[in-house]
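Structure data (CSV, N, CA and C atoms) from final19.csv:
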chain,number,residue,atom,x,y,z
A,21,MET,N,104.7,86.1,139.6
A,21,MET,CA,105.7,86.9,138.9
A,21,MET,C,105.1,88.2,138.3
A,22,VAL,N,105.8,89.2,138.4
A,22,VAL,CA,105.3,90.5,137.9
A,22,VAL,C,105.6,90.6,136.4
A,23,ASP,N,104.5,91.0,135.7
A,23,ASP,CA,104.7,91.2,134.3
A,23,ASP,C,105.3,92.6,134.0
A,24,LYS,N,106.4,92.6,133.3
A,24,LYS,CA,107.1,93.8,133.0
A,24,LYS,C,106.3,94.8,132.2
A,25,ASN,N,105.4,94.2,131.3
A,25,ASN,CA,104.5,95.1,130.5
A,25,ASN,C,103.5,95.8,131.4
A,26,ASP,N,103.0,95.2,132.5
A,26,ASP,CA,102.1,95.9,133.4
A,26,ASP,C,102.8,97.0,134.1
A,27,VAL,N,104.1,96.8,134.5
A,27,VAL,CA,104.8,97.9,135.1
A,27,VAL,C,105.0,99.0,134.1
A,28,ALA,N,105.4,98.7,132.9
A,28,ALA,CA,105.6,99.7,131.9
A,28,ALA,C,104.4,100.5,131.6
A,29,ALA,N,103.2,99.8,131.6
A,29,ALA,CA,101.9,100.5,131.3
A,29,ALA,C,101.6,101.5,132.4
A,30,VAL,N,101.9,101.2,133.7
A,30,VAL,CA,101.6,102.1,134.8
A,30,VAL,C,102.6,103.3,134.7
A,31,LEU,N,103.8,103.0,134.4
A,31,LEU,CA,104.8,104.1,134.2
A,31,LEU,C,104.4,105.1,133.2
A,32,GLU,N,103.8,104.6,132.1
A,32,GLU,CA,103.3,105.5,131.0
A,32,GLU,C,102.2,106.4,131.5
A,33,LEU,N,101.4,105.8,132.5
A,33,LEU,CA,100.3,106.6,133.1
A,33,LEU,C,100.8,107.8,133.9
A,34,ILE,N,101.9,107.5,134.7
A,34,ILE,CA,102.4,108.5,135.6
A,34,ILE,C,103.5,109.4,135.0
A,35,ARG,N,104.0,109.0,133.8
A,35,ARG,CA,105.1,109.8,133.2
A,35,ARG,C,104.7,111.3,132.9
A,36,PRO,N,103.5,111.6,132.4
A,36,PRO,CA,103.2,113.0,132.2
A,36,PRO,C,103.3,113.9,133.5
A,37,SER,N,102.9,113.3,134.6
A,37,SER,CA,103.1,114.0,135.9
A,37,SER,C,104.5,114.3,136.2
A,38,LEU,N,105.4,113.3,136.0
A,38,LEU,CA,106.8,113.5,136.2
A,38,LEU,C,107.4,114.5,135.3
A,39,GLN,N,107.0,114.4,134.0
A,39,GLN,CA,107.5,115.3,133.0
A,39,GLN,C,107.1,116.7,133.3
A,40,ALA,N,105.9,116.9,133.8
A,40,ALA,CA,105.4,118.2,134.1
A,40,ALA,C,106.3,118.9,135.2
A,41,ASP,N,107.0,118.1,136.0
A,41,ASP,CA,107.9,118.7,137.0
A,41,ASP,C,109.3,118.7,136.5
A,42,GLY,N,109.5,118.4,135.2
A,42,GLY,CA,110.8,118.4,134.6
A,42,GLY,C,111.6,117.1,134.8
A,43,GLY,N,110.9,116.0,135.2
A,43,GLY,CA,111.6,114.7,135.4
A,43,GLY,C,111.1,113.7,134.4
A,44,ASP,N,111.6,112.5,134.6
A,44,ASP,CA,111.1,111.3,133.8
A,44,ASP,C,111.6,110.1,134.5
A,45,VAL,N,111.1,108.9,134.0
A,45,VAL,CA,111.4,107.7,134.6
A,45,VAL,C,111.6,106.6,133.5
A,46,ARG,N,112.5,105.7,133.8
A,46,ARG,CA,112.7,104.6,132.8
A,46,ARG,C,112.8,103.3,133.5
A,47,LEU,N,112.1,102.3,133.0
A,47,LEU,CA,112.1,101.0,133.5
A,47,LEU,C,113.3,100.2,133.0
A,48,VAL,N,114.1,99.7,133.9
A,48,VAL,CA,115.3,98.9,133.6
A,48,VAL,C,115.0,97.4,133.6
A,49,ASP,N,114.4,96.9,134.7
A,49,ASP,CA,114.2,95.5,134.9
A,49,ASP,C,113.2,95.2,136.0
A,50,VAL,N,112.6,94.0,136.0
A,50,VAL,CA,111.8,93.5,137.0
A,50,VAL,C,112.2,92.1,137.3
A,51,ASN,N,112.6,91.9,138.6
A,51,ASN,CA,113.1,90.5,138.9
A,51,ASN,C,111.9,89.6,139.4
A,52,GLU,N,112.3,88.4,139.6
A,52,GLU,CA,111.3,87.4,140.1
A,52,GLU,C,110.7,87.6,141.4
A,53,ASP,N,111.4,88.5,142.2
A,53,ASP,CA,110.9,88.8,143.6
A,53,ASP,C,110.0,90.0,143.6
A,54,GLY,N,109.7,90.6,142.4
A,54,GLY,CA,108.8,91.7,142.3
A,54,GLY,C,109.5,93.0,142.5
A,55,VAL,N,110.9,93.0,142.5
A,55,VAL,CA,111.6,94.2,142.6
A,55,VAL,C,111.8,94.9,141.3
A,56,VAL,N,111.3,96.1,141.2
A,56,VAL,CA,111.4,96.9,139.9
A,56,VAL,C,112.6,97.8,140.0
A,57,GLN,N,113.5,97.7,139.0
A,57,GLN,CA,114.7,98.5,138.9
A,57,GLN,C,114.4,99.6,137.9
A,58,GLY,N,114.6,100.9,138.3
A,58,GLY,CA,114.3,101.9,137.3
A,58,GLY,C,115.2,103.1,137.6
A,59,ALA,N,115.1,104.0,136.7
A,59,ALA,CA,115.9,105.3,136.7
A,59,ALA,C,115.0,106.5,136.6
A,60,CYS,N,115.2,107.4,137.6
A,60,CYS,CA,114.4,108.6,137.6
A,60,CYS,C,115.4,109.7,137.5
A,61,LYS,N,115.1,110.7,136.6
A,61,LYS,CA,116.0,111.8,136.4
A,61,LYS,C,115.3,113.1,136.3
A,62,GLY,N,116.0,114.1,136.4
A,62,GLY,CA,115.4,115.4,136.1
A,62,GLY,C,115.5,116.4,137.3
A,63,CYS,N,115.6,115.9,138.5
A,63,CYS,CA,115.7,116.8,139.6
A,63,CYS,C,116.5,116.3,140.7
A,64,PRO,N,116.9,117.1,141.7
A,64,PRO,CA,117.8,116.6,142.8
A,64,PRO,C,117.1,115.6,143.7
A,65,MET,N,115.7,115.6,143.7
A,65,MET,CA,115.0,114.7,144.5
A,65,MET,C,114.5,113.4,143.8
A,66,SER,N,115.2,113.1,142.7
A,66,SER,CA,114.7,112.0,141.8
A,66,SER,C,114.7,110.6,142.5
A,67,GLN,N,115.7,110.4,143.4
A,67,GLN,CA,115.7,109.1,144.1
A,67,GLN,C,114.6,109.0,145.1
A,68,MET,N,114.3,110.1,145.7
A,68,MET,CA,113.2,110.1,146.6
A,68,MET,C,111.8,109.9,145.9
A,69,THR,N,111.7,110.5,144.7
A,69,THR,CA,110.5,110.3,143.9
A,69,THR,C,110.4,108.9,143.5
A,70,LEU,N,111.5,108.3,143.1
A,70,LEU,CA,111.4,106.9,142.7
A,70,LEU,C,111.0,106.0,143.8
A,71,ALA,N,111.6,106.2,145.0
A,71,ALA,CA,111.4,105.3,146.1
A,71,ALA,C,110.0,105.5,146.7
A,72,ASN,N,109.6,106.8,146.8
A,72,ASN,CA,108.3,107.0,147.5
A,72,ASN,C,107.1,107.1,146.6
A,73,GLY,N,107.2,107.9,145.6
A,73,GLY,CA,106.0,108.1,144.7
A,73,GLY,C,105.8,107.0,143.7
A,74,VAL,N,106.8,106.7,142.9
A,74,VAL,CA,106.7,105.6,141.9
A,74,VAL,C,106.4,104.3,142.5
A,75,GLU,N,107.2,104.0,143.6
A,75,GLU,CA,107.0,102.7,144.3
A,75,GLU,C,105.6,102.5,144.8
A,76,ARG,N,105.0,103.6,145.4
A,76,ARG,CA,103.7,103.5,146.0
A,76,ARG,C,102.7,103.2,144.9
A,77,ILE,N,102.8,103.9,143.8
A,77,ILE,CA,101.8,103.8,142.7
A,77,ILE,C,101.9,102.4,142.1
A,78,LEU,N,103.1,101.9,141.9
A,78,LEU,CA,103.3,100.6,141.3
A,78,LEU,C,102.8,99.5,142.2
A,79,LYS,N,103.0,99.6,143.5
A,79,LYS,CA,102.5,98.6,144.5
A,79,LYS,C,101.0,98.6,144.5
A,80,GLU,N,100.3,99.8,144.3
A,80,GLU,CA,98.9,99.9,144.3
A,80,GLU,C,98.3,99.2,143.0
A,81,ARG,N,99.0,99.4,141.9
A,81,ARG,CA,98.4,99.0,140.6
A,81,ARG,C,98.9,97.7,140.0
A,82,VAL,N,100.0,97.2,140.4
A,82,VAL,CA,100.6,96.0,139.8
A,82,VAL,C,100.8,95.0,140.9
A,83,PRO,N,100.0,93.9,141.0
A,83,PRO,CA,100.1,92.9,142.0
A,83,PRO,C,101.5,92.3,141.9
A,84,GLY,N,102.1,92.1,143.1
A,84,GLY,CA,103.4,91.4,143.1
A,84,GLY,C,104.6,92.3,143.2
A,85,VAL,N,104.4,93.6,142.9
A,85,VAL,CA,105.6,94.6,143.1
A,85,VAL,C,105.9,94.7,144.6
A,86,THR,N,107.1,94.5,144.9
A,86,THR,CA,107.5,94.6,146.3
A,86,THR,C,108.3,95.8,146.7
A,87,LYS,N,109.1,96.3,145.8
A,87,LYS,CA,109.8,97.6,146.0
A,87,LYS,C,110.4,98.1,144.7
A,88,VAL,N,110.8,99.3,144.7
A,88,VAL,CA,111.4,100.0,143.5
A,88,VAL,C,112.8,100.4,144.0
A,89,VAL,N,113.8,100.1,143.2
A,89,VAL,CA,115.2,100.4,143.5
A,89,VAL,C,115.8,101.2,142.3
A,90,PRO,N,116.7,102.1,142.6
A,90,PRO,CA,117.4,102.8,141.5
A,90,PRO,C,118.3,101.9,140.7
A,91,ALA,N,118.4,102.1,139.5
A,91,ALA,CA,119.3,101.3,138.6
A,91,ALA,C,120.7,102.0,138.7
A,92,ASP,N,121.7,101.2,138.6
A,92,ASP,CA,123.1,101.7,138.5
A,92,ASP,C,123.4,101.9,137.0
A,93,LEU,N,123.2,103.1,136.6
A,93,LEU,CA,123.4,103.4,135.1
A,93,LEU,C,124.8,104.1,134.9

As structure tokens:
Amino acid sequence: MVDKNDVAAVLELIRPSLQADGGDVRLVDVNEDGVVQGACKGCPMSQMTLANGVERILKERVPGVTKVVPADL
């Protein structure tokens, strides 16, 4: 099972890079299958950033993360 605190800690590490480009990310949930639900905002490419950039980094740094999906906010 993926620890939500581990995911949050990694997001804090990458947040400054996202903010430097005018964006940000928010952790919504992590389920028992390792799916991270989050919200990325700030630019027209936010969903692509979430899926490609954030997902890649989380998979590298947090064991058990299987994918990142956008939250329905």

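The coordinates place atom CA of A:Gly84 at 15.0 Å from atom CA of A:Ala29.
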
| request: Report the residues of chain A whose backbone DSSP state falls under alpha helix (DSSP H), written as a ChimeraX atom specification. | output: /A:24-40,66-68,75-81

Keeping N, CA and C atoms, export the residues of the selection given above as a PDB file, in the coordinates of the input.
ATOM      1  N   LYS A  24     106.400  92.600 133.300  1.00  0.00           N
ATOM      2  CA  LYS A  24     107.100  93.800 133.000  1.00  0.00           C
ATOM      3  C   LYS A  24     106.300  94.800 132.200  1.00  0.00           C
ATOM      4  N   ASN A  25     105.400  94.200 131.300  1.00  0.00           N
ATOM      5  CA  ASN A  25     104.500  95.100 130.500  1.00  0.00           C
ATOM      6  C   ASN A  25     103.500  95.800 131.400  1.00  0.00           C
ATOM      7  N   ASP A  26     103.000  95.200 132.500  1.00  0.00           N
ATOM      8  CA  ASP A  26     102.100  95.900 133.400  1.00  0.00           C
ATOM      9  C   ASP A  26     102.800  97.000 134.100  1.00  0.00           C
ATOM     10  N   VAL A  27     104.100  96.800 134.500  1.00  0.00           N
ATOM     11  CA  VAL A  27     104.800  97.900 135.100  1.00  0.00           C
ATOM     12  C   VAL A  27     105.000  99.000 134.100  1.00  0.00           C
ATOM     13  N   ALA A  28     105.400  98.700 132.900  1.00  0.00           N
ATOM     14  CA  ALA A  28     105.600  99.700 131.900  1.00  0.00           C
ATOM     15  C   ALA A  28     104.400 100.500 131.600  1.00  0.00           C
ATOM     16  N   ALA A  29     103.200  99.800 131.600  1.00  0.00           N
ATOM     17  CA  ALA A  29     101.900 100.500 131.300  1.00  0.00           C
ATOM     18  C   ALA A  29     101.600 101.500 132.400  1.00  0.00           C
ATOM     19  N   VAL A  30     101.900 101.200 133.700  1.00  0.00           N
ATOM     20  CA  VAL A  30     101.600 102.100 134.800  1.00  0.00           C
ATOM     21  C   VAL A  30     102.600 103.300 134.700  1.00  0.00           C
ATOM     22  N   LEU A  31     103.800 103.000 134.400  1.00  0.00           N
ATOM     23  CA  LEU A  31     104.800 104.100 134.200  1.00  0.00           C
ATOM     24  C   LEU A  31     104.400 105.100 133.200  1.00  0.00           C
ATOM     25  N   GLU A  32     103.800 104.600 132.100  1.00  0.00           N
ATOM     26  CA  GLU A  32     103.300 105.500 131.000  1.00  0.00           C
ATOM     27  C   GLU A  32     102.200 106.400 131.500  1.00  0.00           C
ATOM     28  N   LEU A  33     101.400 105.800 132.500  1.00  0.00           N
ATOM     29  CA  LEU A  33     100.300 106.600 133.100  1.00  0.00           C
ATOM     30  C   LEU A  33     100.800 107.800 133.900  1.00  0.00           C
ATOM     31  N   ILE A  34     101.900 107.500 134.700  1.00  0.00           N
ATOM     32  CA  ILE A  34     102.400 108.500 135.600  1.00  0.00           C
ATOM     33  C   ILE A  34     103.500 109.400 135.000  1.00  0.00           C
ATOM     34  N   ARG A  35     104.000 109.000 133.800  1.00  0.00           N
ATOM     35  CA  ARG A  35     105.100 109.800 133.200  1.00  0.00           C
ATOM     36  C   ARG A  35     104.700 111.300 132.900  1.00  0.00           C
ATOM     37  N   PRO A  36     103.500 111.600 132.400  1.00  0.00           N
ATOM     38  CA  PRO A  36     103.200 113.000 132.200  1.00  0.00           C
ATOM     39  C   PRO A  36     103.300 113.900 133.500  1.00  0.00           C
ATOM     40  N   SER A  37     102.900 113.300 134.600  1.00  0.00           N
ATOM     41  CA  SER A  37     103.100 114.000 135.900  1.00  0.00           C
ATOM     42  C   SER A  37     104.500 114.300 136.200  1.00  0.00           C
ATOM     43  N   LEU A  38     105.400 113.300 136.000  1.00  0.00           N
ATOM     44  CA  LEU A  38     106.800 113.500 136.200  1.00  0.00           C
ATOM     45  C   LEU A  38     107.400 114.500 135.300  1.00  0.00           C
ATOM     46  N   GLN A  39     107.000 114.400 134.000  1.00  0.00           N
ATOM     47  CA  GLN A  39     107.500 115.300 133.000  1.00  0.00           C
ATOM     48  C   GLN A  39     107.100 116.700 133.300  1.00  0.00           C
ATOM     49  N   ALA A  40     105.900 116.900 133.800  1.00  0.00           N
ATOM     50  CA  ALA A  40     105.400 118.200 134.100  1.00  0.00           C
ATOM     51  C   ALA A  40     106.300 118.900 135.200  1.00  0.00           C
ATOM     52  N   SER A  66     115.200 113.100 142.700  1.00  0.00           N
ATOM     53  CA  SER A  66     114.700 112.000 141.800  1.00  0.00           C
ATOM     54  C   SER A  66     114.700 110.600 142.500  1.00  0.00           C
ATOM     55  N   GLN A  67     115.700 110.400 143.400  1.00  0.00           N
ATOM     56  CA  GLN A  67     115.700 109.100 144.100  1.00  0.00           C
ATOM     57  C   GLN A  67     114.600 109.000 145.100  1.00  0.00           C
ATOM     58  N   MET A  68     114.300 110.100 145.700  1.00  0.00           N
ATOM     59  CA  MET A  68     113.200 110.100 146.600  1.00  0.00           C
ATOM     60  C   MET A  68     111.800 109.900 145.900  1.00  0.00           C
ATOM     61  N   GLU A  75     107.200 104.000 143.600  1.00  0.00           N
ATOM     62  CA  GLU A  75     107.000 102.700 144.300  1.00  0.00           C
ATOM     63  C   GLU A  75     105.600 102.500 144.800  1.00  0.00           C
ATOM     64  N   ARG A  76     105.000 103.600 145.400  1.00  0.00           N
ATOM     65  CA  ARG A  76     103.700 103.500 146.000  1.00  0.00           C
ATOM     66  C   ARG A  76     102.700 103.200 144.900  1.00  0.00           C
ATOM     67  N   ILE A  77     102.800 103.900 143.800  1.00  0.00           N
ATOM     68  CA  ILE A  77     101.800 103.800 142.700  1.00  0.00           C
ATOM     69  C   ILE A  77     101.900 102.400 142.100  1.00  0.00           C
ATOM     70  N   LEU A  78     103.100 101.900 141.900  1.00  0.00           N
ATOM     71  CA  LEU A  78     103.300 100.600 141.300  1.00  0.00           C
ATOM     72  C   LEU A  78     102.800  99.500 142.200  1.00  0.00           C
ATOM     73  N   LYS A  79     103.000  99.600 143.500  1.00  0.00           N
ATOM     74  CA  LYS A  79     102.500  98.600 144.500  1.00  0.00           C
ATOM     75  C   LYS A  79     101.000  98.600 144.500  1.00  0.00           C
ATOM     76  N   GLU A  80     100.300  99.800 144.300  1.00  0.00           N
ATOM     77  CA  GLU A  80      98.900  99.900 144.300  1.00  0.00           C
ATOM     78  C   GLU A  80      98.300  99.200 143.000  1.00  0.00           C
ATOM     79  N   ARG A  81      99.000  99.400 141.900  1.00  0.00           N
ATOM     80  CA  ARG A  81      98.400  99.000 140.600  1.00  0.00           C
ATOM     81  C   ARG A  81      98.900  97.700 140.000  1.00  0.00           C
TER      82      ARG A  81
END

| message | Between atom C of A:Val45 and atom N of A:Leu33, what distance in Å does the model show, to one decimal? | response |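 Taking atom C of A:Val45 and atom N of A:Leu33, their separation equals 10.3 Å.
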
| task | Please report, as a ChimeraX atom specification, each residue of chain A to which DSSP assigns strand (DSSP E) when run on this structure's backbone. | result | /A:44-50,55-61,87-90

| task | Quick one: pull the distance between atom CA of A:Val50 and atom CA of A:Val85, Å, one decimal. | result |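 Taking atom CA of A:Val50 as the start and atom CA of A:Val85 as the end point, the length is 8.8 Å.
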
| message | With distances taken over only N, CA and C atoms, which residue among A:Gly54, A:Gly73, A:Gly42, A:Pro36 lies nearest A:Lys87? | response |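 For A:Lys87, the nearest of the candidates is A:Gly54.
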
Output stretch 50-61 of chain A with all heavy atoms present, as an mmCIF file, in the coordinates of the input.
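Ended up saving to out16.cif:
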data_model
loop_
_atom_site.group_PDB
_atom_site.id
_atom_site.type_symbol
_atom_site.label_atom_id
_atom_site.label_comp_id
_atom_site.auth_asym_id
_atom_site.auth_seq_id
_atom_site.Cartn_x
_atom_site.Cartn_y
_atom_site.Cartn_z
ATOM 1 N N VAL A 50 112.600 94.000 136.000
ATOM 2 C CA VAL A 50 111.800 93.500 137.000
ATOM 3 C C VAL A 50 112.200 92.100 137.300
ATOM 4 O O VAL A 50 112.326 91.307 136.426
ATOM 5 C CB VAL A 50 110.264 93.496 136.604
ATOM 6 C CG1 VAL A 50 109.408 92.954 137.725
ATOM 7 C CG2 VAL A 50 109.770 94.862 136.161
ATOM 8 N N ASN A 51 112.600 91.900 138.600
ATOM 9 C CA ASN A 51 113.100 90.500 138.900
ATOM 10 C C ASN A 51 111.900 89.600 139.400
ATOM 11 O O ASN A 51 110.815 90.046 139.624
ATOM 12 C CB ASN A 51 114.284 90.548 139.815
ATOM 13 C CG ASN A 51 113.960 90.856 141.256
ATOM 14 O OD1 ASN A 51 112.828 90.750 141.715
ATOM 15 N ND2 ASN A 51 114.971 91.239 142.007
ATOM 16 N N GLU A 52 112.300 88.400 139.600
ATOM 17 C CA GLU A 52 111.300 87.400 140.100
ATOM 18 C C GLU A 52 110.700 87.600 141.400
ATOM 19 O O GLU A 52 109.679 87.049 141.810
ATOM 20 C CB GLU A 52 111.863 85.944 139.954
ATOM 21 C CG GLU A 52 113.025 85.662 140.884
ATOM 22 C CD GLU A 52 114.378 86.115 140.339
ATOM 23 O OE1 GLU A 52 114.469 86.544 139.177
ATOM 24 O OE2 GLU A 52 115.355 86.061 141.106
ATOM 25 N N ASP A 53 111.400 88.500 142.200
ATOM 26 C CA ASP A 53 110.900 88.800 143.600
ATOM 27 C C ASP A 53 110.000 90.000 143.600
ATOM 28 O O ASP A 53 109.567 90.469 144.652
ATOM 29 C CB ASP A 53 112.057 89.029 144.528
ATOM 30 C CG ASP A 53 112.895 87.771 144.735
ATOM 31 O OD1 ASP A 53 112.322 86.668 144.771
ATOM 32 O OD2 ASP A 53 114.124 87.904 144.839
ATOM 33 N N GLY A 54 109.700 90.600 142.400
ATOM 34 C CA GLY A 54 108.800 91.700 142.300
ATOM 35 C C GLY A 54 109.500 93.000 142.500
ATOM 36 O O GLY A 54 108.907 94.069 142.780
ATOM 37 N N VAL A 55 110.900 93.000 142.500
ATOM 38 C CA VAL A 55 111.600 94.200 142.600
ATOM 39 C C VAL A 55 111.800 94.900 141.300
ATOM 40 O O VAL A 55 112.262 94.292 140.305
ATOM 41 C CB VAL A 55 113.033 93.952 143.225
ATOM 42 C CG1 VAL A 55 113.853 95.230 143.310
ATOM 43 C CG2 VAL A 55 112.898 93.306 144.596
ATOM 44 N N VAL A 56 111.300 96.100 141.200
ATOM 45 C CA VAL A 56 111.400 96.900 139.900
ATOM 46 C C VAL A 56 112.600 97.800 140.000
ATOM 47 O O VAL A 56 112.861 98.508 140.982
ATOM 48 C CB VAL A 56 110.154 97.796 139.773
ATOM 49 C CG1 VAL A 56 110.270 98.677 138.543
ATOM 50 C CG2 VAL A 56 108.897 96.930 139.706
ATOM 51 N N GLN A 57 113.500 97.700 139.000
ATOM 52 C CA GLN A 57 114.700 98.500 138.900
ATOM 53 C C GLN A 57 114.400 99.600 137.900
ATOM 54 O O GLN A 57 114.020 99.312 136.729
ATOM 55 C CB GLN A 57 115.847 97.663 138.501
ATOM 56 C CG GLN A 57 117.170 98.356 138.609
ATOM 57 C CD GLN A 57 118.311 97.415 138.272
ATOM 58 O OE1 GLN A 57 118.222 96.635 137.342
ATOM 59 N NE2 GLN A 57 119.384 97.518 139.023
ATOM 60 N N GLY A 58 114.600 100.900 138.300
ATOM 61 C CA GLY A 58 114.300 101.900 137.300
ATOM 62 C C GLY A 58 115.200 103.100 137.600
ATOM 63 O O GLY A 58 116.029 103.146 138.496
ATOM 64 N N ALA A 59 115.100 104.000 136.700
ATOM 65 C CA ALA A 59 115.900 105.300 136.700
ATOM 66 C C ALA A 59 115.000 106.500 136.600
ATOM 67 O O ALA A 59 114.203 106.545 135.730
ATOM 68 C CB ALA A 59 116.962 105.264 135.591
ATOM 69 N N CYS A 60 115.200 107.400 137.600
ATOM 70 C CA CYS A 60 114.400 108.600 137.600
ATOM 71 C C CYS A 60 115.400 109.700 137.500
ATOM 72 O O CYS A 60 116.428 109.739 138.103
ATOM 73 C CB CYS A 60 113.647 108.667 138.920
ATOM 74 S SG CYS A 60 112.419 109.963 139.008
ATOM 75 N N LYS A 61 115.100 110.700 136.600
ATOM 76 C CA LYS A 61 116.000 111.800 136.400
ATOM 77 C C LYS A 61 115.300 113.100 136.300
ATOM 78 O O LYS A 61 114.079 113.115 136.039
ATOM 79 C CB LYS A 61 116.834 111.522 135.127
ATOM 80 C CG LYS A 61 115.998 111.495 133.859
ATOM 81 C CD LYS A 61 116.839 111.307 132.636
ATOM 82 C CE LYS A 61 115.920 111.390 131.422
ATOM 83 N NZ LYS A 61 116.601 111.420 130.187
#
